[in-house]
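What's in final.txt: compact mmCIF, C-alpha atoms and all ligand atoms
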# COMPACT_ATOMS: atom_id res chain seq x y z
CA MET Z 1 9.78 22.90 -24.11
CA LEU Z 2 8.90 24.44 -20.77
CA SER Z 3 12.49 24.74 -19.51
CA ARG Z 4 13.52 26.89 -22.46
CA GLN Z 5 10.68 29.35 -21.74
CA ILE Z 6 11.56 29.77 -18.07
CA ALA Z 7 15.31 29.18 -18.18
CA SER Z 8 16.31 32.33 -16.28
CA LYS Z 9 13.99 31.41 -13.40
CA LEU Z 10 15.45 27.91 -13.22
CA LEU Z 11 18.97 29.27 -12.66
CA ASN Z 12 18.10 29.86 -9.01
CA TYR Z 13 17.18 26.26 -8.22
CA GLU Z 14 19.60 23.72 -6.83
CA THR Z 15 20.39 21.21 -9.55
CA PRO Z 16 19.84 18.50 -10.63
CA PHE Z 17 16.05 18.41 -10.45
CA TYR Z 18 13.07 17.17 -12.39
CA LEU Z 19 10.92 19.86 -13.99
CA TYR Z 20 7.33 18.78 -14.66
CA ASP Z 21 5.05 20.55 -17.11
CA ILE Z 22 1.68 19.95 -15.47
CA ASP Z 23 -0.21 21.75 -18.22
CA LEU Z 24 1.24 19.30 -20.76
CA LEU Z 25 0.37 16.40 -18.47
CA ARG Z 26 -3.23 17.63 -18.31
CA ARG Z 27 -3.43 18.07 -22.08
CA THR Z 28 -2.04 14.56 -22.54
CA LEU Z 29 -4.62 13.13 -20.15
CA GLU Z 30 -7.41 15.07 -21.86
CA SER Z 31 -6.40 13.60 -25.20
CA LEU Z 32 -6.15 10.11 -23.72
CA VAL Z 33 -9.56 10.30 -22.05
CA TYR Z 34 -11.20 11.81 -25.14
CA GLU Z 35 -9.80 9.16 -27.48
CA SER Z 36 -10.40 6.19 -25.16
CA GLU Z 37 -13.99 7.19 -24.42
CA LYS Z 38 -14.80 6.99 -28.13
CA TYR Z 39 -14.48 3.22 -27.85
CA GLY Z 40 -15.31 2.70 -24.19
CA TYR Z 41 -11.74 1.61 -23.44
CA LYS Z 42 -10.55 1.63 -19.81
CA VAL Z 43 -7.09 2.96 -19.05
CA HIS Z 44 -4.84 2.16 -16.09
CA TYR Z 45 -1.79 4.32 -15.44
CA ALA Z 46 1.37 2.22 -14.98
CA ILE Z 47 2.50 3.78 -11.72
CA LYS Z 48 6.03 2.41 -12.12
CA ALA Z 49 6.65 5.07 -14.75
CA ASN Z 50 6.45 7.84 -12.15
CA TYR Z 51 4.95 7.66 -8.67
CA ASP Z 52 5.36 11.32 -7.74
CA ASP Z 53 2.44 12.34 -5.47
CA HIS Z 54 1.60 15.54 -7.31
CA ILE Z 55 1.58 13.78 -10.67
CA LEU Z 56 -0.56 10.96 -9.31
CA GLY Z 57 -2.99 13.52 -7.89
CA VAL Z 58 -3.44 15.05 -11.35
CA ILE Z 59 -3.84 11.63 -12.99
CA ARG Z 60 -6.47 10.64 -10.42
CA GLU Z 61 -8.59 13.64 -11.47
CA TYR Z 62 -8.99 12.07 -14.91
CA GLY Z 63 -10.50 8.84 -13.59
CA LEU Z 64 -7.78 6.41 -14.65
CA GLY Z 65 -7.18 3.10 -12.91
CA ILE Z 66 -3.72 2.03 -11.82
CA ASP Z 67 -1.41 -0.75 -13.00
CA CYS Z 68 0.93 -1.86 -10.21
CA ALA Z 69 4.05 -4.00 -10.10
CA SER Z 70 4.50 -4.34 -6.34
CA GLY Z 71 2.65 -4.29 -3.05
CA ASN Z 72 4.07 -0.87 -2.27
CA GLU Z 73 2.75 0.48 -5.57
CA ILE Z 74 -0.72 -0.77 -4.61
CA ARG Z 75 -0.33 0.87 -1.20
CA LYS Z 76 0.71 4.16 -2.80
CA ALA Z 77 -2.26 4.11 -5.20
CA LEU Z 78 -4.70 3.42 -2.37
CA GLU Z 79 -3.16 6.09 -0.13
CA LEU Z 80 -3.64 8.61 -2.92
CA GLY Z 81 -7.30 7.73 -3.25
CA PHE Z 82 -7.44 5.48 -6.30
CA ASP Z 83 -10.32 3.00 -6.33
CA PRO Z 84 -9.16 -0.57 -5.49
CA LYS Z 85 -11.50 -1.82 -8.21
CA GLY Z 86 -9.45 0.12 -10.76
CA ILE Z 87 -6.17 -1.50 -9.70
CA VAL Z 88 -4.46 -4.38 -11.48
CA TYR Z 89 -1.30 -6.01 -10.18
CA ALA Z 90 1.21 -7.72 -12.45
CA GLY Z 91 4.70 -9.00 -11.71
CA VAL Z 92 6.59 -12.14 -12.43
CA GLY Z 93 7.77 -12.58 -8.85
CA LYS Z 94 5.21 -11.37 -6.36
CA ARG Z 95 6.36 -11.92 -2.79
CA ASP Z 96 4.10 -13.71 -0.32
CA LYS Z 97 3.38 -10.59 1.72
CA GLU Z 98 2.57 -8.67 -1.46
CA LEU Z 99 0.12 -11.34 -2.58
CA HIS Z 100 -1.56 -11.37 0.84
CA TYR Z 101 -1.82 -7.59 0.73
CA ALA Z 102 -3.32 -7.58 -2.78
CA ILE Z 103 -5.81 -10.33 -1.92
CA GLU Z 104 -6.98 -8.46 1.16
CA ARG Z 105 -7.37 -5.17 -0.70
CA ASN Z 106 -9.89 -6.71 -3.11
CA ILE Z 107 -8.39 -5.09 -6.20
CA LEU Z 108 -9.75 -5.50 -9.73
CA ALA Z 109 -7.39 -8.35 -10.61
CA ILE Z 110 -4.05 -9.92 -9.87
CA ASN Z 111 -2.41 -10.52 -13.23
CA CYS Z 112 -0.96 -13.95 -12.72
CA GLU Z 113 2.28 -14.91 -14.45
CA SER Z 114 2.78 -18.64 -13.78
CA ILE Z 115 0.76 -21.77 -13.08
CA GLU Z 116 2.48 -22.06 -9.71
CA GLU Z 117 1.45 -18.50 -8.82
CA LEU Z 118 -2.20 -19.40 -9.57
CA HIS Z 119 -1.94 -22.23 -7.06
CA VAL Z 120 -0.34 -19.98 -4.44
CA ILE Z 121 -3.02 -17.27 -4.86
CA ASP Z 122 -5.68 -19.97 -4.59
CA ALA Z 123 -4.14 -21.29 -1.38
CA PHE Z 124 -3.66 -17.83 0.17
CA SER Z 125 -7.25 -16.89 -0.75
CA ALA Z 126 -8.56 -20.08 0.85
CA GLU Z 127 -6.63 -19.26 4.05
CA CYS Z 128 -8.47 -15.96 4.39
CA GLY Z 129 -11.81 -17.23 3.14
CA ARG Z 130 -11.80 -15.26 -0.09
CA CYS Z 131 -12.20 -15.84 -3.79
CA THR Z 132 -9.68 -13.66 -5.65
CA ASP Z 133 -10.22 -12.16 -9.10
CA VAL Z 134 -7.33 -13.00 -11.37
CA ALA Z 135 -6.32 -12.28 -14.96
CA LEU Z 136 -4.05 -14.67 -16.84
CA ARG Z 137 -0.99 -12.87 -18.14
CA ILE Z 138 -0.19 -14.67 -21.35
CA ASN Z 139 3.10 -14.37 -23.16
CA PRO Z 140 1.92 -13.91 -26.76
CA ASP Z 141 5.37 -14.33 -28.38
CA ILE Z 142 5.39 -11.09 -30.36
CA ASP Z 143 8.41 -9.07 -31.42
CA PRO Z 144 7.47 -5.49 -30.51
CA LYS Z 145 10.32 -4.00 -32.60
CA THR Z 146 11.72 -1.98 -29.75
CA ASN Z 147 14.92 -1.85 -27.69
CA HIS Z 148 15.54 -5.48 -26.66
CA CYS Z 149 16.02 -4.39 -23.03
CA ILE Z 150 12.35 -3.36 -22.83
CA ASP Z 151 10.56 -6.09 -24.77
CA THR Z 152 8.48 -8.33 -22.56
CA GLY Z 153 6.32 -10.56 -24.73
CA GLN Z 154 8.66 -12.82 -26.67
CA ALA Z 155 8.67 -16.57 -26.17
CA ASP Z 156 11.79 -16.66 -24.03
CA SER Z 157 10.90 -13.68 -21.84
CA LYS Z 158 10.42 -14.12 -18.10
CA PHE Z 159 7.01 -12.44 -18.26
CA GLY Z 160 3.63 -14.14 -18.55
CA ILE Z 161 2.59 -17.75 -19.01
CA SER Z 162 3.05 -19.35 -22.39
CA TYR Z 163 -0.27 -19.95 -24.09
CA GLU Z 164 0.68 -23.60 -24.61
CA GLU Z 165 1.24 -24.02 -20.89
CA VAL Z 166 -2.19 -22.57 -20.14
CA LEU Z 167 -3.75 -25.05 -22.56
CA GLU Z 168 -1.90 -27.93 -20.91
CA HIS Z 169 -3.27 -26.87 -17.50
CA VAL Z 170 -6.86 -26.00 -18.33
CA GLU Z 171 -8.43 -28.57 -16.03
CA ASP Z 172 -5.90 -27.85 -13.28
CA ILE Z 173 -6.69 -24.10 -13.46
CA LYS Z 174 -10.43 -24.70 -13.45
CA SER Z 175 -10.13 -26.89 -10.36
CA LEU Z 176 -8.89 -23.92 -8.26
CA LYS Z 177 -11.95 -22.90 -6.27
CA ASN Z 178 -10.60 -19.76 -4.57
CA ILE Z 179 -9.73 -17.82 -7.69
CA ASN Z 180 -11.94 -16.42 -10.43
CA ILE Z 181 -10.30 -16.05 -13.81
CA ILE Z 182 -11.97 -12.85 -15.00
CA GLY Z 183 -9.51 -11.45 -17.50
CA LEU Z 184 -6.74 -11.94 -19.98
CA HIS Z 185 -3.65 -9.76 -19.74
CA LEU Z 186 -0.61 -9.19 -21.89
CA HIS Z 187 2.04 -6.52 -22.34
CA ILE Z 188 4.41 -6.93 -25.23
CA GLY Z 189 6.95 -4.24 -24.46
CA SER Z 190 7.59 -0.55 -24.12
CA GLN Z 191 8.49 2.38 -26.38
CA ILE Z 192 6.75 0.80 -29.39
CA ARG Z 193 6.80 3.19 -32.32
CA GLU Z 194 5.90 0.75 -35.10
CA LEU Z 195 2.20 0.60 -34.43
CA HIS Z 196 1.55 -2.27 -36.86
CA VAL Z 197 3.01 -4.47 -34.13
CA PHE Z 198 -0.25 -3.94 -32.24
CA GLU Z 199 -2.15 -5.45 -35.20
CA ASN Z 200 -0.23 -8.73 -34.71
CA MET Z 201 -0.99 -8.52 -31.02
CA CYS Z 202 -4.73 -8.15 -31.68
CA ASP Z 203 -4.73 -11.09 -34.11
CA LYS Z 204 -3.17 -13.30 -31.44
CA VAL Z 205 -5.46 -12.05 -28.70
CA ASN Z 206 -8.53 -12.80 -30.83
CA VAL Z 207 -7.50 -16.45 -31.18
CA ILE Z 208 -6.57 -16.82 -27.50
CA VAL Z 209 -9.81 -15.25 -26.24
CA ALA Z 210 -11.96 -17.37 -28.56
CA ASN Z 211 -10.16 -20.56 -27.51
CA LEU Z 212 -10.28 -19.79 -23.80
CA ALA Z 213 -14.00 -18.98 -24.09
CA SER Z 214 -14.64 -22.29 -25.82
CA LEU Z 215 -12.75 -24.02 -22.99
CA GLY Z 216 -15.16 -22.51 -20.50
CA PHE Z 217 -13.27 -19.43 -19.24
CA ASP Z 218 -15.64 -16.53 -18.65
CA LEU Z 219 -13.39 -13.54 -19.37
CA ARG Z 220 -14.86 -10.14 -18.53
CA PHE Z 221 -11.98 -8.06 -19.82
CA VAL Z 222 -8.94 -8.14 -22.03
CA ASP Z 223 -6.04 -5.97 -20.88
CA VAL Z 224 -3.61 -5.40 -23.73
CA GLY Z 225 -0.99 -3.60 -21.62
CA GLY Z 226 0.86 -0.41 -22.47
CA GLY Z 227 3.83 0.23 -24.68
CA LEU Z 228 2.88 3.21 -26.83
CA GLY Z 229 6.15 4.99 -27.63
CA ILE Z 230 7.03 8.68 -27.44
CA ASN Z 231 9.24 10.86 -29.61
CA TYR Z 232 12.59 10.96 -27.79
CA ASP Z 233 14.36 12.26 -30.91
CA VAL Z 234 12.42 15.49 -31.34
CA PRO Z 235 9.91 15.73 -28.49
CA GLU Z 236 8.79 19.20 -29.61
CA ASN Z 237 7.25 17.59 -32.72
CA GLU Z 238 5.00 15.28 -30.74
CA PRO Z 239 4.50 16.43 -27.14
CA ILE Z 240 1.28 14.39 -26.90
CA PRO Z 241 1.54 10.78 -28.08
CA ASN Z 242 -0.75 9.46 -30.76
CA PHE Z 243 -3.36 7.64 -28.68
CA ALA Z 244 -5.90 8.05 -31.50
CA SER Z 245 -3.87 5.92 -33.94
CA LEU Z 246 -3.28 3.13 -31.46
CA PHE Z 247 -6.93 2.99 -30.40
CA SER Z 248 -8.16 2.97 -33.97
CA ILE Z 249 -5.82 0.05 -34.78
CA VAL Z 250 -7.11 -1.87 -31.78
CA GLN Z 251 -10.70 -1.02 -32.65
CA LYS Z 252 -10.17 -2.33 -36.19
CA HIS Z 253 -8.29 -5.50 -35.29
CA LEU Z 254 -9.40 -6.64 -31.86
CA ASP Z 255 -12.45 -8.86 -31.84
CA VAL Z 256 -13.34 -9.78 -28.27
CA GLY Z 257 -17.10 -9.34 -28.36
CA SER Z 258 -18.62 -7.36 -25.53
CA ARG Z 259 -15.65 -7.83 -23.19
CA GLU Z 260 -14.08 -4.68 -21.75
CA VAL Z 261 -10.79 -3.62 -23.31
CA HIS Z 262 -8.16 -2.21 -20.95
CA PHE Z 263 -4.81 -0.50 -21.53
CA GLU Z 264 -1.94 0.21 -19.12
CA PHE Z 265 0.05 3.23 -20.26
CA GLY Z 266 3.04 4.62 -18.42
CA ARG Z 267 5.57 6.28 -20.67
CA SER Z 268 3.03 7.81 -23.05
CA ILE Z 269 1.22 9.57 -20.19
CA VAL Z 270 4.13 11.07 -18.26
CA GLY Z 271 7.22 10.75 -20.47
CA GLU Z 272 7.07 14.08 -22.24
CA CYS Z 273 5.95 16.15 -19.26
CA GLY Z 274 9.26 15.71 -17.41
CA GLU Z 275 12.73 17.12 -18.01
CA LEU Z 276 15.86 16.59 -15.97
CA ILE Z 277 17.58 19.94 -15.43
CA THR Z 278 21.29 19.77 -14.76
CA ARG Z 279 24.14 22.25 -14.50
CA VAL Z 280 27.48 22.16 -16.27
CA LEU Z 281 30.28 21.58 -13.78
CA PHE Z 282 33.39 21.28 -15.92
CA ASN Z 283 34.72 21.13 -19.45
CA LYS Z 284 37.65 18.91 -20.29
CA THR Z 285 39.23 17.20 -23.25
CA THR Z 286 40.51 13.62 -23.19
CA ALA Z 287 43.94 12.65 -24.51
CA THR Z 288 42.15 11.38 -27.62
CA GLY Z 289 40.57 14.78 -28.22
CA ARG Z 290 37.05 14.01 -27.00
CA LYS Z 291 35.37 17.06 -25.48
CA LEU Z 292 33.66 16.12 -22.25
CA LEU Z 293 30.94 18.20 -20.69
CA ILE Z 294 30.67 17.11 -17.07
CA VAL Z 295 27.25 17.86 -15.58
CA ASP Z 296 25.94 17.58 -12.04
CA ALA Z 297 23.32 14.91 -12.84
CA SER Z 298 24.26 11.30 -13.34
CA MET Z 299 22.90 7.81 -13.82
CA THR Z 300 21.62 8.06 -10.25
CA GLU Z 301 18.98 10.58 -11.35
CA LEU Z 302 18.35 9.16 -14.84
CA VAL Z 303 19.64 5.65 -15.43
CA ARG Z 304 18.05 4.93 -18.81
CA PRO Z 305 21.03 5.89 -21.00
CA ALA Z 306 23.45 3.86 -18.86
CA MET Z 307 21.09 0.93 -18.36
CA TYR Z 308 19.47 0.54 -21.77
CA GLY Z 309 21.55 2.77 -24.05
CA SER Z 310 18.44 4.94 -24.37
CA TYR Z 311 18.55 8.25 -26.16
CA HIS Z 312 17.40 11.54 -24.63
CA ASN Z 313 17.56 14.81 -26.52
CA ILE Z 314 19.77 17.35 -24.66
CA GLU Z 315 19.83 21.13 -25.03
CA ASN Z 316 21.69 23.99 -23.38
CA ILE Z 317 18.91 26.33 -22.25
CA THR Z 318 20.96 29.22 -20.86
CA SER Z 319 23.97 29.66 -23.16
CA GLN Z 320 23.87 32.88 -25.20
CA GLU Z 321 26.51 31.59 -27.63
CA SER Z 322 25.61 31.14 -31.27
CA ALA Z 323 28.54 28.77 -31.93
CA MET Z 324 27.77 25.08 -31.62
CA GLU Z 325 30.17 22.43 -30.28
CA LYS Z 326 30.08 18.65 -30.13
CA TYR Z 327 30.28 17.19 -26.64
CA THR Z 328 30.14 13.93 -24.79
CA VAL Z 329 27.84 14.70 -21.88
CA VAL Z 330 28.86 12.72 -18.80
CA GLY Z 331 27.60 12.55 -15.23
CA THR Z 332 29.18 12.58 -11.80
CA ALA Z 333 28.83 8.90 -10.85
CA CYS Z 334 31.86 6.63 -10.48
CA GLU Z 335 30.91 4.48 -13.47
CA SER Z 336 32.29 4.64 -17.00
CA THR Z 337 28.82 4.02 -18.44
CA ASP Z 338 27.55 7.19 -16.77
CA VAL Z 339 27.27 8.96 -20.12
CA PHE Z 340 24.10 10.77 -21.15
CA ASP Z 341 25.07 10.97 -24.82
CA GLU Z 342 28.01 11.27 -27.18
CA ASN Z 343 28.54 13.70 -30.02
CA VAL Z 344 25.81 16.01 -28.78
CA SER Z 345 25.60 19.27 -30.66
CA LEU Z 346 25.11 22.06 -28.12
CA ARG Z 347 25.59 25.79 -27.93
CA LYS Z 348 29.13 26.36 -26.62
CA SER Z 349 28.72 25.41 -22.98
CA ARG Z 350 30.40 26.79 -19.88
CA ARG Z 351 30.47 26.05 -16.16
CA GLY Z 352 27.13 27.11 -14.65
CA ASP Z 353 25.03 26.70 -17.82
CA LEU Z 354 21.82 24.73 -17.50
CA LEU Z 355 21.09 21.76 -19.73
CA THR Z 356 17.76 20.04 -20.13
CA ILE Z 357 17.64 16.30 -20.67
CA LYS Z 358 14.25 15.98 -22.30
CA SER Z 359 11.45 13.38 -22.19
CA ALA Z 360 12.52 12.23 -18.75
CA GLY Z 361 9.10 12.08 -17.05
CA ALA Z 362 8.82 8.29 -17.32
CA TYR Z 363 11.23 5.82 -15.73
CA GLY Z 364 13.42 8.72 -14.62
CA MET Z 365 12.69 9.67 -11.03
CA SER Z 366 11.08 6.29 -10.37
CA MET Z 367 14.37 4.57 -11.17
CA ALA Z 368 16.59 7.06 -9.34
CA SER Z 369 19.05 5.56 -6.85
CA ARG Z 370 21.29 6.74 -4.05
CA TYR Z 371 24.46 5.23 -5.50
CA ASN Z 372 27.52 7.22 -4.36
CA LEU Z 373 25.15 8.44 -1.62
CA HIS Z 374 23.79 11.05 -3.98
CA ASP Z 375 20.68 12.83 -2.73
CA LEU Z 376 17.53 11.95 -4.65
CA PRO Z 377 16.65 14.76 -7.05
CA SER Z 378 13.90 17.17 -6.13
CA ALA Z 379 10.94 18.13 -8.32
CA VAL Z 380 9.73 21.49 -9.60
CA TYR Z 381 6.16 21.66 -10.95
CA SER Z 382 5.00 24.24 -13.49
CA ASP Z 383 1.77 24.86 -11.60
CA LYS Z 384 3.63 25.65 -8.36
CA LEU Z 385 6.25 28.01 -9.76
C1 LIG Z 401 2.80 -5.08 -17.22
C2 LIG Z 401 3.09 -3.70 -17.70
N1 LIG Z 401 2.07 -2.91 -18.03
C3 LIG Z 401 2.29 -1.64 -18.45
C4 LIG Z 401 3.57 -1.13 -18.55
C5 LIG Z 401 3.74 0.29 -19.02
O1 LIG Z 401 4.38 0.33 -20.22
P1 LIG Z 401 4.63 1.71 -20.97
O2 LIG Z 401 5.30 2.61 -20.02
O3 LIG Z 401 5.48 1.35 -22.12
O4 LIG Z 401 3.29 2.22 -21.41
C6 LIG Z 401 4.65 -1.93 -18.24
C7 LIG Z 401 6.02 -1.41 -18.37
O5 LIG Z 401 7.00 -2.01 -18.15
C8 LIG Z 401 4.42 -3.26 -17.79
O6 LIG Z 401 5.42 -4.06 -17.45

Would you write out, as structure tokens, the structure that this file holds?
Amino acid sequence: MLSRQIASKLLNYETPFYLYDIDLLRRTLESLVYESEKYGYKVHYAIKANYDDHILGVIREYGLGIDCASGNEIRKALELGFDPKGIVYAGVGKRDKELHYAIERNILAINCESIEELHVIDAFSAECGRCTDVALRINPDIDPKTNHCIDTGQADSKFGISYEEVLEHVEDIKSLKNINIIGLHLHIGSQIRELHVFENMCDKVNVIVANLASLGFDLRFVDVGGGLGINYDVPENEPIPNFASLFSIVQKHLDVGSREVHFEFGRSIVGECGELITRVLFNKTTATGRKLLIVDASMTELVRPAMYGSYHNIENITSQESAMEKYTVVGTACESTDVFDENVSLRKSRRGDLLTIKSAGAYGMSMASRYNLHDLPSAVYSDKL
């Protein structure tokens, strides 16, 4: 854990801030590229996980495409030099101006999430005399065995088009002359640690691709989304996620002929390279005897615990005490759910100590808000120290 190694240096920085281990990010990308090239898989980085310019610059060096969820994410990717033909754009509710922007930028594909959206893209494309490449985002109805707040591919989810609905509209879809259906897309959820779930996904994809091909759809690629989980419990044990295992499962179970296979990873690329560094402000004990450790970060810098009940491992990186204490670590925001964790075992902690909240590189800074008019947290990069 980088913060532990350089703790004394970090004492001088204004907290809270994100600390990024760029060497770990590079090693993660090297592993990802090495493992994906074995099978010729194409990888898009899900920019929503972290759109920090410096991090994106490093990711670009490794030749990844980008998975976007908004017009502004597409704009950011293009501004930072990513190839439009490596950009895919998903989202259940794309606004008109975002669709126009994506159509005009000639990206790899708009991942379309409803029959109505297909019609709108067709109409917008006709207006500007274009034929837009589109992938059908299908909802495969798979339980990804993850936190319910971050599953996205079950029958009742808002994401994707149900396969049955696609079948009902085959002729309707084929009649749209200003879109080209070139791919199939799905994303079943995030933080998936039970990799056998991906076997079920492959089995379903095989059937869907074969059926769509027999119905006359000429699919060039199959994009199976992201979702590979990271080790929030003990990140030190697994700083680089197991891309090799996931790819070998997909290689064994996915049967889509010569079509390209694409992935869209967010968390597994940047999750472990970021830590949120925060300072202890106060100690206090509630009337019920609960020991609170009040830190200067809050749900405005890292909302995942408050929003999803997500776990992040916390450690005091500057205390010299050998005695351990159990704390409830709470933030500064005016919300009762602004709790990072309860019953956390830490070295006895005092005002001024630094804590690290680990594995915060994904969906941390990108979800930060200015609630309570907090400043957005700054970033410290290992390669600029
Ligand atoms: C469509 C899509 N693709 C990819 C991702 C990235 O997922 P992960 O960060 O779990 O790899 C997400 C995350 O929400 C998503 O919605």

Report the closest atom pair, with its distance in Å rounded to one decimal, for each residue of chain Z that has an atom no farther than 7 Å from ligand LIG 401 (chain Z); count all atoms listed in the file, sort by chain and then rising residue number, and write it as CSV.
residue,atom,partner,partner_atom,distance
Z:Ala46,CA,Z:LIG401,C5,5.1
Z:Ala49,CA,Z:LIG401,O2,6.0
Z:Asp67,CA,Z:LIG401,N1,6.5
Z:Ala90,CA,Z:LIG401,C1,5.7
Z:His187,CA,Z:LIG401,C1,5.4
Z:Gly189,CA,Z:LIG401,O3,6.2
Z:Ser190,CA,Z:LIG401,O3,3.5
Z:Gln191,CA,Z:LIG401,O3,5.3
Z:Gly225,CA,Z:LIG401,N1,4.8
Z:Gly226,CA,Z:LIG401,O4,3.7
Z:Gly227,CA,Z:LIG401,O3,3.2
Z:Leu228,CA,Z:LIG401,O4,5.5
Z:Gly229,CA,Z:LIG401,O3,6.6
Z:Glu264,CA,Z:LIG401,C3,4.7
Z:Phe265,CA,Z:LIG401,O4,3.6
Z:Gly266,CA,Z:LIG401,O2,3.4
Z:Arg267,CA,Z:LIG401,O2,3.7
Z:Ser268,CA,Z:LIG401,O4,5.8

Produce a table with one row for each residue of segment 41-146 of chain Z that has an atom at most 12 Å from any atom of segment 354-361 of chain Z, each row naming the nearest atom pair and its distance in Å at one decimal; use only C-alpha atoms; arrange rows by chain and rising residue number; format as CSV.
residue,atom,partner,partner_atom,distance
Z:Ile47,CA,Z:Gly361,CA,11.9
Z:Lys48,CA,Z:Gly361,CA,11.3
Z:Ala49,CA,Z:Gly361,CA,7.8
Z:Asn50,CA,Z:Gly361,CA,7.0
Z:Tyr51,CA,Z:Gly361,CA,10.3
Z:Asp52,CA,Z:Gly361,CA,10.1
Z:Ile55,CA,Z:Gly361,CA,10.0

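The set of protein, DNA and RNA residues with any counted atom at most 6 Å from (-12.1, -11.3, -21.2) (only C-alpha atoms) reads Gly183, Leu184, Leu219, Arg220, Phe221, Val222 and Arg259 of chain Z.
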
Report the closest atom pair, with its distance in Å rounded to one decimal, for each residue of segment 251-340 of chain Z that has an atom no farther than 9 Å from segment 201-218 of chain Z; count only C-alpha atoms, sort by chain and then rising residue number, and write it as JSON lines.
{"residue": "Z:His253", "atom": "CA", "partner": "Z:Cys202", "partner_atom": "CA", "distance": 5.7}
{"residue": "Z:Leu254", "atom": "CA", "partner": "Z:Cys202", "partner_atom": "CA", "distance": 4.9}
{"residue": "Z:Asp255", "atom": "CA", "partner": "Z:Asn206", "partner_atom": "CA", "distance": 5.6}
{"residue": "Z:Val256", "atom": "CA", "partner": "Z:Asn206", "partner_atom": "CA", "distance": 6.2}

What does the distance between atom CA of Leu292 of chain Z and atom CA of Asp341 of chain Z come to in Å, to one decimal place? 10.3 Å

Residues within 12 Å of Arg60 of chain Z, please, as a PyMOL selection string. Count all atoms listed in the file; anything in the same chain fewer than 3 positions from it doesn't count. chain Z and resi 26+29+43-45+47+51+53-57+63-66+77-83+86

In Å, rounded to a single decimal, give me how far atom CA of Leu195 of chain Z is from atom CA of Gln251 of chain Z.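 One can read the atom CA of Gln251 of chain Z to atom CA of Leu195 of chain Z distance as 13.1 Å.
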
Can you tell me, as a list in words, what residues are no more than 9 Å from Ala123 of chain Z when counting only C-alpha atoms, ignoring any on the same chain fewer than 5 positions away? Leu118, Cys128, Leu176 and Asn178 of chain Z

Selection near segment 288-290 of chain Z, 9 Å with all atoms listed in the file, sequence-local residues under 4 positions removed, as a PDB file with C-alpha atoms, in the coordinates of the input:
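The resulting selection-v4.pdb:
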ATOM      1  CA  LYS Z 284      37.650  18.910 -20.290  1.00  0.00           C
ATOM      2  CA  LYS Z 326      30.080  18.650 -30.130  1.00  0.00           C
ATOM      3  CA  TYR Z 327      30.280  17.190 -26.640  1.00  0.00           C
ATOM      4  CA  THR Z 328      30.140  13.930 -24.790  1.00  0.00           C
TER       5      THR Z 328
END

In Å, rounded to a single decimal, give me how far atom CA of Tyr34 of chain Z is from atom CA of Val197 of chain Z.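 Interatomic distance here is 23.4 Å.
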
Write out as AutoDock Vina command-line options an axis-aligned box for segment 108-119 of chain Z: all of its atoms listed in the file, 4 Å added on each side, centre and edge lengths in Å with one decimal.
--center_x -3.5 --center_y -13.9 --center_z -10.8 --size_x 20.5 --size_y 24.7 --size_z 15.4

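Ranking Z:Val329, Z:Leu376, Z:Ile277, Z:Ala155 by their shortest atom-to-atom distance to Tyr13 of chain Z, with all atoms listed in the file included, puts Z:Ile277 first.
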
Take the point (16.1, -5.9, -21.7) as written in the file and pick out every residue within 12 Å of it, counting only C-alpha atoms; give the list as number ranges by chain. Z: 146-154, 156-159, 189-190, 304, 307-310

Report as a PyMOL selection string all protein, DNA and RNA residues lying within 9 Å of Val303 of chain Z, evaluated on all atoms listed in the file, omitting residues in the same chain fewer than 4 positions from it. chain Z and resi 298-299+307-308+338+340+363-364+367-369

Of the candidates Z:Ile182, Z:Asp375, Z:Glu113, Z:Ser162, which one gets nearest to Thr132 of chain Z if we count all atoms listed in the file?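 So, comparing all the options, the nearest one is Z:Ile182.
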
Quick one: of Z:Lys9, Z:Tyr41, Z:Pro16, Z:Leu2, who's nearest to Glu236 of chain Z, counting all atoms listed in the file? Z:Leu2

How would segment 315-321 of chain Z read, as a PDB file, in the frame of the given file, once N, CA and C atoms are built in?
ATOM      1  N   GLU Z 315      19.687  19.766 -24.496  1.00  0.00           N
ATOM      2  CA  GLU Z 315      19.830  21.130 -25.030  1.00  0.00           C
ATOM      3  C   GLU Z 315      20.377  22.033 -23.937  1.00  0.00           C
ATOM      4  N   ASN Z 316      21.238  22.962 -24.318  1.00  0.00           N
ATOM      5  CA  ASN Z 316      21.690  23.990 -23.380  1.00  0.00           C
ATOM      6  C   ASN Z 316      20.655  25.106 -23.393  1.00  0.00           C
ATOM      7  N   ILE Z 317      20.018  25.369 -22.250  1.00  0.00           N
ATOM      8  CA  ILE Z 317      18.910  26.330 -22.250  1.00  0.00           C
ATOM      9  C   ILE Z 317      19.321  27.718 -21.744  1.00  0.00           C
ATOM     10  N   THR Z 318      20.584  27.889 -21.353  1.00  0.00           N
ATOM     11  CA  THR Z 318      20.960  29.220 -20.860  1.00  0.00           C
ATOM     12  C   THR Z 318      22.125  29.854 -21.631  1.00  0.00           C
ATOM     13  N   SER Z 319      22.827  29.082 -22.436  1.00  0.00           N
ATOM     14  CA  SER Z 319      23.970  29.660 -23.160  1.00  0.00           C
ATOM     15  C   SER Z 319      23.485  30.713 -24.163  1.00  0.00           C
ATOM     16  N   GLN Z 320      24.211  31.822 -24.235  1.00  0.00           N
ATOM     17  CA  GLN Z 320      23.870  32.880 -25.200  1.00  0.00           C
ATOM     18  C   GLN Z 320      24.728  32.755 -26.456  1.00  0.00           C
ATOM     19  N   GLU Z 321      25.589  31.751 -26.498  1.00  0.00           N
ATOM     20  CA  GLU Z 321      26.510  31.590 -27.630  1.00  0.00           C
ATOM     21  C   GLU Z 321      25.752  31.186 -28.886  1.00  0.00           C
TER      22      GLU Z 321
END
